Amino acid sequence: MSSERVNLLGLPRAQLETFVAARLGAKPFRARQLMKWIYRRGAADFSTMSDLKQEFRTQLAEIAEITVPQIVTEQVSKDGTRKWMLRMDEVQGIETVYIPEPDRGTLCISSQVGCAMDCSFCSTAQQGFNRNLSVAEIVGQVWLAHRELSGSRPGHGDGRSGDARAMITNIVFMGMGEPLANYRNVVPAMRTFLDDLGYDLSRRRVTLSTSGLVPQIYKLAQETNVALAVSLHAPDDALRNELVPINRKHPIAELLQACWHYLDEQNGRSVTFEYVMLAGVNDSPAQARALARLLQGHPAKVNLIPFNPFPGTHYRRSPAPVIQRFRDELLQRGLLATIRRTRGDDIDAACGQLAGRVIDRTTVRLGSKVIGVAVQP
Ligand code: SAH
């Protein structure tokens with residue numbers, strides 16, 4: 001039964017070494033060979049791993065597997081952004097987005113099916129929370145994107161050329177879900193992104209974006225050193241309580257303290273603060289000045305995100321000149337501030353538009369909450 005086999009996808013190196021030693025009596029270098037096959041060459045079938053002894057491959061296939069999520073749909077935006085809907089099990093789907101730019105390629109991955117944070121301007125919130133993704137399901141998104149991107153280049157379809165690896169230069173946890181609410185699976189997945197036998201990305205090219213789970217930020221500071229992005233969205237607690245409800249538990253002052261602690265511990269350069277631009281809600285020059293006062297003198301960058309609308313929302317995007325003015329107020333006060341270019345909105349792949357519609361019309365009940373019903377066209 002496949003369910004009794006261990007899925008090797010996303011197993012951090014130390015665990016894989018222990019696994020091959022304890023179950024197969026193999027030396028640690030066997031684990032390293034396996035990692036090269038899985039992550040560099042995109043192999044999912046032990047029988048293709050030609051530099052492993054036949055006997056080892058057969059034994060391995062009896063106790064282990066490399067199972068990747070299944071692609072339900074792929075959409076390609078006119079700007080080159082691609083969105084995959086992945087099937088996680090009978091009813092659940094999540095979305096992964098690839099954003100190509102001239103100097104880099106960013107993969108935006110999900111950490112949960114749905115999300116429980118309930119931010120008022122995010123479409124994932126409307127879906128409610130269903131479950132955490134496993135380590136294999138998180139790493140599987142990167143594995144699949146590599147396969148799909150290498151397949152998309154004529155003449156490079158064997159996944160061995162290294163091209164696809166070069167196409168994904170950055171990974172951001174900005175898809176569906178709150179990564180720090182799935183801490184125990186997100187942290188091991190990040191180890192594989194950073195491992196030189198995994199995806200070999202530098203710590204500054206892996207970004208964890210959080211709505212502000214303060215205790216987990218402190219914990220993260222002890223265990224990893226990836227780039228941190230924080231969804232701030234408001235310069236005062238009254239407004240942030242409304243937009244990002246977790247603020248009622250962990251208000252702004254507490255959150256910022258955790259951010260500065262993270263930088264101190266990790267010798268990080270700066271924290272990026274995401275700020276969605278909502279017309280008439282959080283976009284006035286006075287609010288920009290208040291935001292500048294909060295962050296001045298700290299290693300902070302602000303990333304202004306034009307709001308991406310979705311069906312049923314009452315929010316509107318701030319007009320471009322308003323966003324520009326807001327940015328100027330920040331720049332005048334010495335803060336680094338950028339405006340995020342909207343990508344993939346024609347295929348609902350932009351920030352906050354990922355709804356991860358499920359495969360069939362099954363309605364999943366979690367307590368009193370009813371989740372996810374639409375069918376992907
Ligand atoms: N849970 C994580 C990841 C969320 S998605 C977090 O809260 O940071 C990444 C970013 O997109 C977050 O800053 C989120 O607030 C923002 N976002 C959500 N909905 C949006 C929308 N409709 N338009 C623009 N940005 C949105």
# chains A, B, ... in the order shown; residues from 1 in each chain; ligands from 1
call {"tool": "residues_near_ligand", "arguments": {"ligand": "ligand 1", "cutoff": "9 Å", "atoms": "only C-alpha atoms and all ligand atoms", "output": "ChimeraX atom specification"}}
result
/A:108,110-111,115,117,119-125,172-181,208-212,229-233,244,273-278,303-310,313,315,317,342,350-354
call {"tool": "residues_around", "arguments": {"residues": "A:Leu295", "least_positions_apart": "2", "cutoff": "12 Å", "atoms": "only C-alpha atoms", "output": "PyMOL selection string"}}
result
chain A and resi 232+235+252-253+255-257+259-260+270-273+288-293+297-302+330-331+333-337
call {"tool": "write_last_selection", "arguments": {"atoms": "N, CA, C and O atoms", "output": "tab-separated table (two decimals), in the first residue's frame"}}
result
chain	number	residue	atom	x	y	z
A	232	LEU	N	1.34	44.60	7.07
A	232	LEU	CA	0.99	45.63	8.07
A	232	LEU	C	-0.36	46.28	7.70
A	232	LEU	O	-1.29	46.27	8.51
A	235	PRO	N	-1.58	51.99	9.75
A	235	PRO	CA	-0.61	52.60	10.64
A	235	PRO	C	-1.08	52.69	12.09
A	235	PRO	O	-0.34	53.15	12.94
A	252	ILE	N	0.16	46.37	16.93
A	252	ILE	CA	1.29	46.81	16.11
A	252	ILE	C	2.61	46.93	16.89
A	252	ILE	O	3.65	46.44	16.43
A	253	ALA	N	2.57	47.55	18.07
A	253	ALA	CA	3.83	47.76	18.80
A	253	ALA	C	4.52	46.43	19.10
A	253	ALA	O	5.75	46.29	18.94
A	255	LEU	N	4.10	43.62	17.46
A	255	LEU	CA	4.52	43.03	16.20
A	255	LEU	C	5.86	43.63	15.73
A	255	LEU	O	6.77	42.91	15.32
A	256	LEU	N	5.95	44.95	15.81
A	256	LEU	CA	7.19	45.59	15.34
A	256	LEU	C	8.38	45.17	16.19
A	256	LEU	O	9.47	44.93	15.68
A	257	GLN	N	8.14	45.05	17.49
A	257	GLN	CA	9.22	44.59	18.38
A	257	GLN	C	9.74	43.21	17.96
A	257	GLN	O	10.94	42.97	17.93
A	259	CYS	N	9.61	41.99	14.99
A	259	CYS	CA	10.33	42.14	13.71
A	259	CYS	C	11.78	42.58	13.95
A	259	CYS	O	12.71	42.03	13.36
A	260	TRP	N	11.95	43.58	14.82
A	260	TRP	CA	13.32	44.07	15.06
A	260	TRP	C	14.15	42.99	15.75
A	260	TRP	O	15.34	42.83	15.49
A	270	SER	N	16.72	43.89	6.41
A	270	SER	CA	15.52	44.68	6.68
A	270	SER	C	14.28	43.79	6.63
A	270	SER	O	14.33	42.66	6.12
A	271	VAL	N	13.22	44.31	7.19
A	271	VAL	CA	11.92	43.63	7.10
A	271	VAL	C	11.11	44.40	6.05
A	271	VAL	O	11.16	45.62	6.00
A	272	THR	N	10.42	43.64	5.21
A	272	THR	CA	9.54	44.29	4.23
A	272	THR	C	8.13	44.35	4.82
A	272	THR	O	7.61	43.34	5.30
A	273	PHE	N	7.54	45.54	4.80
A	273	PHE	CA	6.18	45.67	5.28
A	273	PHE	C	5.25	45.83	4.08
A	273	PHE	O	5.40	46.76	3.29
A	288	ALA	N	0.07	57.91	5.59
A	288	ALA	CA	1.45	57.64	5.15
A	288	ALA	C	2.43	58.21	6.17
A	288	ALA	O	3.43	57.56	6.52
A	289	ARG	N	2.13	59.41	6.65
A	289	ARG	CA	3.04	60.03	7.64
A	289	ARG	C	3.05	59.22	8.94
A	289	ARG	O	4.10	59.02	9.56
A	290	ALA	N	1.88	58.74	9.33
A	290	ALA	CA	1.80	57.91	10.55
A	290	ALA	C	2.60	56.62	10.37
A	290	ALA	O	3.29	56.17	11.29
A	291	LEU	N	2.53	56.05	9.17
A	291	LEU	CA	3.29	54.83	8.88
A	291	LEU	C	4.79	55.12	8.96
A	291	LEU	O	5.56	54.35	9.54
A	292	ALA	N	5.17	56.26	8.39
A	292	ALA	CA	6.59	56.63	8.42
A	292	ALA	C	7.07	56.79	9.86
A	292	ALA	O	8.16	56.33	10.21
A	293	ARG	N	6.25	57.38	10.71
A	293	ARG	CA	6.65	57.55	12.12
A	293	ARG	C	6.88	56.20	12.80
A	293	ARG	O	7.78	56.04	13.62
A	297	GLY	N	13.84	55.11	11.24
A	297	GLY	CA	14.98	54.75	12.10
A	297	GLY	C	15.18	53.25	12.23
A	297	GLY	O	16.09	52.80	12.90
A	298	HIS	N	14.30	52.47	11.60
A	298	HIS	CA	14.45	51.01	11.64
A	298	HIS	C	14.76	50.49	10.24
A	298	HIS	O	14.42	51.13	9.25
A	299	PRO	N	15.38	49.29	10.17
A	299	PRO	CA	15.66	48.73	8.84
A	299	PRO	C	14.38	48.17	8.22
A	299	PRO	O	14.11	46.98	8.31
A	300	ALA	N	13.62	49.06	7.62
A	300	ALA	CA	12.32	48.66	7.07
A	300	ALA	C	12.18	49.10	5.62
A	300	ALA	O	12.70	50.14	5.23
A	301	LYS	N	11.48	48.28	4.86
A	301	LYS	CA	11.10	48.66	3.49
A	301	LYS	C	9.60	48.54	3.42
A	301	LYS	O	9.02	47.64	4.05
A	302	VAL	N	8.98	49.39	2.65
A	302	VAL	CA	7.54	49.29	2.50
A	302	VAL	C	7.22	48.89	1.06
A	302	VAL	O	7.78	49.44	0.12
A	330	LEU	N	6.39	58.69	2.12
A	330	LEU	CA	7.32	57.76	2.79
A	330	LEU	C	8.76	58.07	2.39
A	330	LEU	O	9.67	58.13	3.24
A	331	LEU	N	8.96	58.29	1.08
A	331	LEU	CA	10.33	58.56	0.59
A	331	LEU	C	10.88	59.84	1.22
A	331	LEU	O	12.04	59.88	1.63
A	333	ARG	N	10.42	60.93	4.00
A	333	ARG	CA	10.82	60.67	5.39
A	333	ARG	C	11.92	59.62	5.47
A	333	ARG	O	12.12	59.01	6.52
A	334	GLY	N	12.55	59.38	4.36
A	334	GLY	CA	13.73	58.52	4.37
A	334	GLY	C	13.45	57.03	4.34
A	334	GLY	O	14.34	56.21	4.54
A	335	LEU	N	12.19	56.66	4.08
A	335	LEU	CA	11.89	55.23	4.03
A	335	LEU	C	12.00	54.70	2.60
A	335	LEU	O	11.69	55.42	1.65
A	336	LEU	N	12.43	53.46	2.49
A	336	LEU	CA	12.43	52.82	1.18
A	336	LEU	C	11.02	52.33	0.89
A	336	LEU	O	10.43	51.63	1.71
A	337	ALA	N	10.49	52.73	-0.23
A	337	ALA	CA	9.12	52.29	-0.54
A	337	ALA	C	8.99	51.98	-2.02
A	337	ALA	O	9.45	52.75	-2.87
call {"tool": "select_by_dssp", "arguments": {"residues": "stretch 19-164 of chain A", "states": "helix (DSSP H, G or I)", "output": "PyMOL selection string"}}
result
chain A and resi 19-24+28-40+46-48+54-63+123-127+135-151+163-164
call {"tool": "select_by_dssp", "arguments": {"residues": "stretch 245-375 of chain A", "states": "strand (DSSP E)", "output": "MDAnalysis selection string"}}
result
chainID A and resid 271:277 300:306 336:339 364:366 369:371
call {"tool": "residues_around", "arguments": {"residues": "stretch 202-204 of chain A", "least_positions_apart": "5", "cutoff": "10 Å", "atoms": "only C-alpha atoms", "output": "short mmCIF file (atom, residue, chain, number, x, y, z; two decimals) with N, CA and C atoms, in the first residue's frame"}}
result
data_model
loop_
_atom_site.label_atom_id
_atom_site.label_comp_id
_atom_site.auth_asym_id
_atom_site.auth_seq_id
_atom_site.Cartn_x
_atom_site.Cartn_y
_atom_site.Cartn_z
N THR A 169 14.20 31.80 -9.20
CA THR A 169 15.30 32.37 -8.40
C THR A 169 14.83 32.78 -7.01
N ASN A 170 13.53 32.91 -6.84
CA ASN A 170 12.98 33.35 -5.56
C ASN A 170 11.72 32.54 -5.21
N ILE A 171 11.57 32.26 -3.93
CA ILE A 171 10.34 31.61 -3.48
C ILE A 171 9.72 32.47 -2.39
N MET A 190 11.33 24.98 4.15
CA MET A 190 12.30 26.03 3.84
C MET A 190 13.72 25.48 3.87
N ARG A 191 13.98 24.49 4.73
CA ARG A 191 15.33 23.91 4.78
C ARG A 191 15.69 23.31 3.43
N PHE A 193 14.49 24.29 0.57
CA PHE A 193 14.70 25.38 -0.40
C PHE A 193 16.13 25.93 -0.29
N LEU A 194 16.66 25.96 0.94
CA LEU A 194 17.98 26.54 1.17
C LEU A 194 19.12 25.55 0.97
N ASP A 195 18.85 24.27 1.16
CA ASP A 195 19.90 23.24 1.10
C ASP A 195 20.55 23.22 -0.29
N ASP A 196 21.88 23.13 -0.30
CA ASP A 196 22.53 23.14 -1.62
C ASP A 196 22.22 21.89 -2.43
N THR A 224 15.63 29.82 11.78
CA THR A 224 15.92 30.01 10.36
C THR A 224 16.30 31.46 10.13
N ASN A 225 16.71 31.77 8.92
CA ASN A 225 17.16 33.13 8.66
C ASN A 225 16.68 33.65 7.31
N VAL A 226 15.52 33.21 6.92
CA VAL A 226 14.99 33.67 5.63
C VAL A 226 14.54 35.13 5.74
N ALA A 227 14.20 35.71 4.59
CA ALA A 227 13.70 37.09 4.59
C ALA A 227 12.28 37.12 5.16
N LEU A 228 12.01 38.17 5.92
CA LEU A 228 10.70 38.29 6.56
C LEU A 228 9.91 39.43 5.93
N GLY A 268 19.77 40.19 9.83
CA GLY A 268 19.06 40.46 8.57
C GLY A 268 19.21 41.92 8.18
N ARG A 269 18.95 42.18 6.90
CA ARG A 269 19.11 43.54 6.41
C ARG A 269 17.90 44.41 6.74
#
call {"tool": "closest_residue", "arguments": {"among": "A:Asp118, A:Asp328, A:Leu149, A:Arg57", "to": "A:Val97", "atoms": "only C-alpha atoms"}}
result
A:Leu149
call {"tool": "residues_around", "arguments": {"residues": "A:Thr192", "least_positions_apart": "5", "cutoff": "8 Å", "atoms": "only C-alpha atoms", "output": "PDB file with all heavy atoms, in the first residue's frame"}}
result
ATOM      1  N   GLY A  10      10.643  16.486   0.190  1.00  0.00           N
ATOM      2  CA  GLY A  10      10.645  17.493   1.249  1.00  0.00           C
ATOM      3  C   GLY A  10      11.251  17.020   2.564  1.00  0.00           C
ATOM      4  O   GLY A  10      11.344  17.797   3.506  1.00  0.00           O
ATOM      5  N   LEU A  11      11.680  15.768   2.619  1.00  0.00           N
ATOM      6  CA  LEU A  11      12.331  15.308   3.851  1.00  0.00           C
ATOM      7  C   LEU A  11      13.671  16.041   3.982  1.00  0.00           C
ATOM      8  O   LEU A  11      14.521  15.919   3.097  1.00  0.00           O
ATOM      9  CB  LEU A  11      12.570  13.797   3.746  1.00  0.00           C
ATOM     10  CG  LEU A  11      12.320  12.927   4.973  1.00  0.00           C
ATOM     11  CD1 LEU A  11      10.920  13.100   5.504  1.00  0.00           C
ATOM     12  CD2 LEU A  11      12.585  11.461   4.638  1.00  0.00           C
ATOM     13  N   PRO A  12      13.876  16.804   5.050  1.00  0.00           N
ATOM     14  CA  PRO A  12      15.162  17.507   5.176  1.00  0.00           C
ATOM     15  C   PRO A  12      16.324  16.515   5.178  1.00  0.00           C
ATOM     16  O   PRO A  12      16.170  15.359   5.553  1.00  0.00           O
ATOM     17  CB  PRO A  12      15.033  18.230   6.519  1.00  0.00           C
ATOM     18  CG  PRO A  12      13.572  18.368   6.752  1.00  0.00           C
ATOM     19  CD  PRO A  12      12.953  17.135   6.148  1.00  0.00           C
ATOM     20  N   ARG A  13      17.492  17.014   4.756  1.00  0.00           N
ATOM     21  CA  ARG A  13      18.641  16.146   4.533  1.00  0.00           C
ATOM     22  C   ARG A  13      18.946  15.242   5.729  1.00  0.00           C
ATOM     23  O   ARG A  13      19.129  14.033   5.566  1.00  0.00           O
ATOM     24  CB  ARG A  13      19.879  16.992   4.216  1.00  0.00           C
ATOM     25  CG  ARG A  13      21.032  16.145   3.738  1.00  0.00           C
ATOM     26  CD  ARG A  13      22.354  16.864   3.787  1.00  0.00           C
ATOM     27  NE  ARG A  13      22.413  18.001   2.875  1.00  0.00           N
ATOM     28  CZ  ARG A  13      23.533  18.407   2.276  1.00  0.00           C
ATOM     29  NH1 ARG A  13      24.658  17.751   2.461  1.00  0.00           N
ATOM     30  NH2 ARG A  13      23.528  19.464   1.502  1.00  0.00           N
ATOM     31  N   VAL A 139       6.767  21.535  -0.583  1.00  0.00           N
ATOM     32  CA  VAL A 139       7.924  21.372  -1.475  1.00  0.00           C
ATOM     33  C   VAL A 139       7.459  20.903  -2.858  1.00  0.00           C
ATOM     34  O   VAL A 139       8.035  21.281  -3.881  1.00  0.00           O
ATOM     35  CB  VAL A 139       8.946  20.385  -0.856  1.00  0.00           C
ATOM     36  CG1 VAL A 139      10.097  20.110  -1.816  1.00  0.00           C
ATOM     37  CG2 VAL A 139       9.475  20.934   0.466  1.00  0.00           C
ATOM     38  N   LEU A 197      21.786  20.828  -1.764  1.00  0.00           N
ATOM     39  CA  LEU A 197      21.331  19.655  -2.518  1.00  0.00           C
ATOM     40  C   LEU A 197      19.821  19.694  -2.754  1.00  0.00           C
ATOM     41  O   LEU A 197      19.248  18.805  -3.367  1.00  0.00           O
ATOM     42  CB  LEU A 197      21.693  18.366  -1.785  1.00  0.00           C
ATOM     43  CG  LEU A 197      23.184  18.065  -1.707  1.00  0.00           C
ATOM     44  CD1 LEU A 197      23.408  16.792  -0.894  1.00  0.00           C
ATOM     45  CD2 LEU A 197      23.794  17.929  -3.088  1.00  0.00           C
ATOM     46  N   GLY A 198      19.182  20.716  -2.206  1.00  0.00           N
ATOM     47  CA  GLY A 198      17.752  20.919  -2.463  1.00  0.00           C
ATOM     48  C   GLY A 198      17.644  21.942  -3.579  1.00  0.00           C
ATOM     49  O   GLY A 198      18.196  21.758  -4.662  1.00  0.00           O
ATOM     50  N   TYR A 199      17.013  23.081  -3.302  1.00  0.00           N
ATOM     51  CA  TYR A 199      16.883  24.091  -4.359  1.00  0.00           C
ATOM     52  C   TYR A 199      17.962  25.164  -4.287  1.00  0.00           C
ATOM     53  O   TYR A 199      17.985  26.069  -5.110  1.00  0.00           O
ATOM     54  CB  TYR A 199      15.461  24.669  -4.362  1.00  0.00           C
ATOM     55  CG  TYR A 199      14.487  23.627  -4.855  1.00  0.00           C
ATOM     56  CD1 TYR A 199      13.583  23.023  -3.991  1.00  0.00           C
ATOM     57  CD2 TYR A 199      14.549  23.184  -6.167  1.00  0.00           C
ATOM     58  CE1 TYR A 199      12.735  22.016  -4.441  1.00  0.00           C
ATOM     59  CE2 TYR A 199      13.715  22.181  -6.624  1.00  0.00           C
ATOM     60  CZ  TYR A 199      12.812  21.603  -5.766  1.00  0.00           C
ATOM     61  OH  TYR A 199      11.998  20.613  -6.218  1.00  0.00           O
ATOM     62  N   ASP A 200      18.820  25.056  -3.270  1.00  0.00           N
ATOM     63  CA  ASP A 200      20.044  25.852  -3.238  1.00  0.00           C
ATOM     64  C   ASP A 200      19.806  27.364  -3.382  1.00  0.00           C
ATOM     65  O   ASP A 200      20.543  28.045  -4.088  1.00  0.00           O
ATOM     66  CB  ASP A 200      20.978  25.347  -4.369  1.00  0.00           C
ATOM     67  CG  ASP A 200      22.403  25.850  -4.179  1.00  0.00           C
ATOM     68  OD1 ASP A 200      22.747  26.234  -3.054  1.00  0.00           O
ATOM     69  OD2 ASP A 200      23.156  25.867  -5.180  1.00  0.00           O
TER      70      ASP A 200
END
call {"tool": "atom_distance", "arguments": {"atom1": "atom CA of A:His261", "atom2": "atom CA of A:Pro188"}}
result
21.8 Å
call {"tool": "atom_distance", "arguments": {"atom1": "atom CA of A:Val6", "atom2": "atom CA of A:Trp84"}}
result
25.5 Å
call {"tool": "residues_around", "arguments": {"residues": "A:Tyr218", "least_positions_apart": "2", "cutoff": "8 Å", "atoms": "only C-alpha atoms", "output": "list of chain:residue names"}}
result
A:Val214, A:Pro215, A:Gln216, A:Leu220, A:Ala221, A:Gln222, A:Ala258, A:His261, A:Tyr262
call {"tool": "write_last_selection", "arguments": {"atoms": "N, CA and C atoms", "output": "short mmCIF file (atom, residue, chain, number, x, y, z; two decimals), in the first residue's frame"}}
result
data_model
loop_
_atom_site.label_atom_id
_atom_site.label_comp_id
_atom_site.auth_asym_id
_atom_site.auth_seq_id
_atom_site.Cartn_x
_atom_site.Cartn_y
_atom_site.Cartn_z
N VAL A 214 2.98 36.86 16.33
CA VAL A 214 4.16 37.31 17.08
C VAL A 214 4.95 36.17 17.74
N PRO A 215 4.33 35.27 18.50
CA PRO A 215 5.14 34.22 19.15
C PRO A 215 5.93 33.39 18.13
N GLN A 216 5.32 33.14 16.98
CA GLN A 216 6.02 32.34 15.96
C GLN A 216 7.16 33.12 15.31
N LEU A 220 10.77 31.60 15.05
CA LEU A 220 11.43 31.55 13.74
C LEU A 220 12.84 32.13 13.83
N ALA A 221 12.99 33.17 14.63
CA ALA A 221 14.30 33.82 14.78
C ALA A 221 15.35 32.85 15.31
N GLN A 222 14.91 31.82 16.04
CA GLN A 222 15.85 30.83 16.58
C GLN A 222 16.20 29.77 15.54
N ALA A 258 8.80 42.34 17.62
CA ALA A 258 9.18 40.99 17.17
C ALA A 258 9.99 41.07 15.87
N HIS A 261 13.50 42.22 16.62
CA HIS A 261 14.19 41.11 17.26
C HIS A 261 14.65 40.10 16.21
N TYR A 262 13.79 39.80 15.26
CA TYR A 262 14.13 38.85 14.20
C TYR A 262 15.38 39.30 13.45
#
call {"tool": "atom_distance", "arguments": {"atom1": "atom CA of A:Lys83", "atom2": "atom CA of A:Tyr98"}}
result
6.4 Å
